[in-house]
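*Asks:* The structure's right below; bear with me while I get my questions together.
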Amino acid sequence: MGSSEKRSKDVMSDIPTFSGENLQKNLKVIQNSRTFLSIIAGVLAGIIGFNGLTGFVFYFVVMLITSVGLMAKAGFSADLYFDSWNRVLFDGFLGGLMSFVLFWTFAYDLVHIF
Amino acid sequence: MAEDLVLDTAIRDWVLIPLSVVMVLIGVLRYFVSKLMRSSPTPDAKMVKEGQVVIRARNLKAGANFIPPKSFRARRFYFSNEENGLLHVPKDQASNPQAQMFSDPNMAMDMMKKNLSMIIPQTLTFAWVNFFFSGFVAAKIPFPLTQRFRSMLQNGIDLSTVDVSYVSSRSWYFLNLFGLRGLFSLILGDENAIDDTQRMMQMGGFGFDASKSLSAEKDGLDIIQHEWALPRFEHRAESVLRKLVQ
């Protein structure tokens, strides 16, 4: 979405129309932000020293914060920028999980075990 | 069982970090190599024609609701007409795509090159890890796992009383393999981000199967119900113009 907000849906006509290219760009933005934040969350979780289930809860909390942030950027009307609400809220959850675990393990080991 | 093993700092310096750095570098290298090696095959005229016909049919499907019903029907007839419609493939001509693909040397070479560029670095790195970094505890996973994972994760370690969270370097390699995908998609830009696992998943359904895709497009076109989306566009144009003028 960025500085030039691109609307990918035109709701003025009776049948909603999508601009494919804008939609793709917006999805890319979501994916990038989620990946970046999951890496940072992993490093944070490792430094703080979360263990077990707490770490996963932390990951989901960060993902929720990401969703809220993205929604706020989209002006709370996901209809204009995406084809469905689910994309903004839940896309890329599991993709970021592996990166999160990697960086969590890494930071945890660096700080606590060695 | 909650004793915290204290591991040698040398392990961190000489195992964890080099392994991650090497994997990142190999990923970047592989990206550039695949970019360089991407040969542009001379396209076959017939296949390009068929590809373009499919694209036209898809565009028609996508924009079907924006043209008047009659023109849509005329276009659809042009495509799926029984005698000389573009998408209609006579039954006896449906060639066997698999045989065609393997007898075409260019495509086979391309596929082999792609497979090799993906498999070789992985295999080499895995062998390297196994040779140098086996037999000791490399890292601790921050979350507990069941005993079933012990044989998978603790491969070089022969003590059975060590907590399953302490893993060998082989599992650190696999963890890196999956976790660095996200990092690659950030640093390598938007294309070609995920190579590995996605390509492995895509290898199952390959084949630019001309006849099947043509008949699939034809069926898709036949199914469409035309819904005229701009019946009141004069009114809409009028309201837009009014807004502009005011």
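Starting from 1 in every chain, residues are counted up; chains themselves are A, B, ... following the order of the structure tokens, and ligands are numbered from 1 as listed.
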Give one line per residue of chain A that approaches chain B to at most 10 Å, naming the two atoms of the closest pair and their distance in Å to one decimal, counting only C-alpha atoms; sort by chain then ascending residue number and deliver it as CSV.
*Replies:*
```
residue,atom,partner,partner_atom,distance
A:Met12,CA,B:Arg236,CA,8.8
A:Ser13,CA,B:Leu230,CA,7.4
A:Asp14,CA,B:Ala229,CA,6.5
A:Ile15,CA,B:Ala229,CA,6.1
A:Pro16,CA,B:Ala229,CA,9.3
A:Thr17,CA,B:Gly63,CA,9.7
A:Lys28,CA,B:Asp190,CA,8.0
A:Gln31,CA,B:Ser185,CA,9.3
A:Asn32,CA,B:Leu186,CA,6.6
A:Ser33,CA,B:Leu186,CA,9.4
A:Arg34,CA,B:Gly182,CA,9.4
A:Thr35,CA,B:Gly182,CA,5.9
A:Phe36,CA,B:Leu186,CA,7.5
A:Ser38,CA,B:Gly182,CA,9.1
A:Ile39,CA,B:Leu183,CA,8.1
A:Ala45,CA,B:Pro142,CA,9.7
A:Gly46,CA,B:Pro142,CA,8.2
A:Gly49,CA,B:Pro142,CA,8.3
A:Phe50,CA,B:Pro142,CA,7.3
A:Asn51,CA,B:Pro142,CA,5.3
A:Gly52,CA,B:Phe143,CA,3.7
A:Leu53,CA,B:Phe143,CA,6.9
A:Thr54,CA,B:Phe143,CA,8.9
A:Gly55,CA,B:Phe143,CA,7.9
A:Phe56,CA,B:Phe143,CA,9.0
A:Gly95,CA,B:Gly182,CA,7.5
A:Gly96,CA,B:Gly182,CA,6.8
A:Leu97,CA,B:Gly179,CA,8.1
A:Met98,CA,B:Gly179,CA,4.7
A:Ser99,CA,B:Gly179,CA,4.0
A:Phe100,CA,B:Gly179,CA,7.4
A:Val101,CA,B:Gly179,CA,7.3
A:Leu102,CA,B:Gly179,CA,5.5
A:Phe103,CA,B:Gly179,CA,8.0
A:Trp104,CA,B:Pro142,CA,7.6
A:Thr105,CA,B:Ile141,CA,5.6
A:Phe106,CA,B:Leu16,CA,8.1
A:Ala107,CA,B:Pro142,CA,9.9
A:Tyr108,CA,B:Pro142,CA,7.0
A:Asp109,CA,B:Lys140,CA,6.3
A:Leu110,CA,B:Arg12,CA,7.2
A:His112,CA,B:Val6,CA,8.8
A:Ile113,CA,B:Val6,CA,5.6
A:Phe114,CA,B:Thr9,CA,5.4
```
*Asks:* Do you have the CA of Leu241 in chain B-CA of Pro68 in chain B distance handy?
*Replies:*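 For CA of Leu241 in chain B relative to CA of Pro68 in chain B, the distance reads 22.8 Å.
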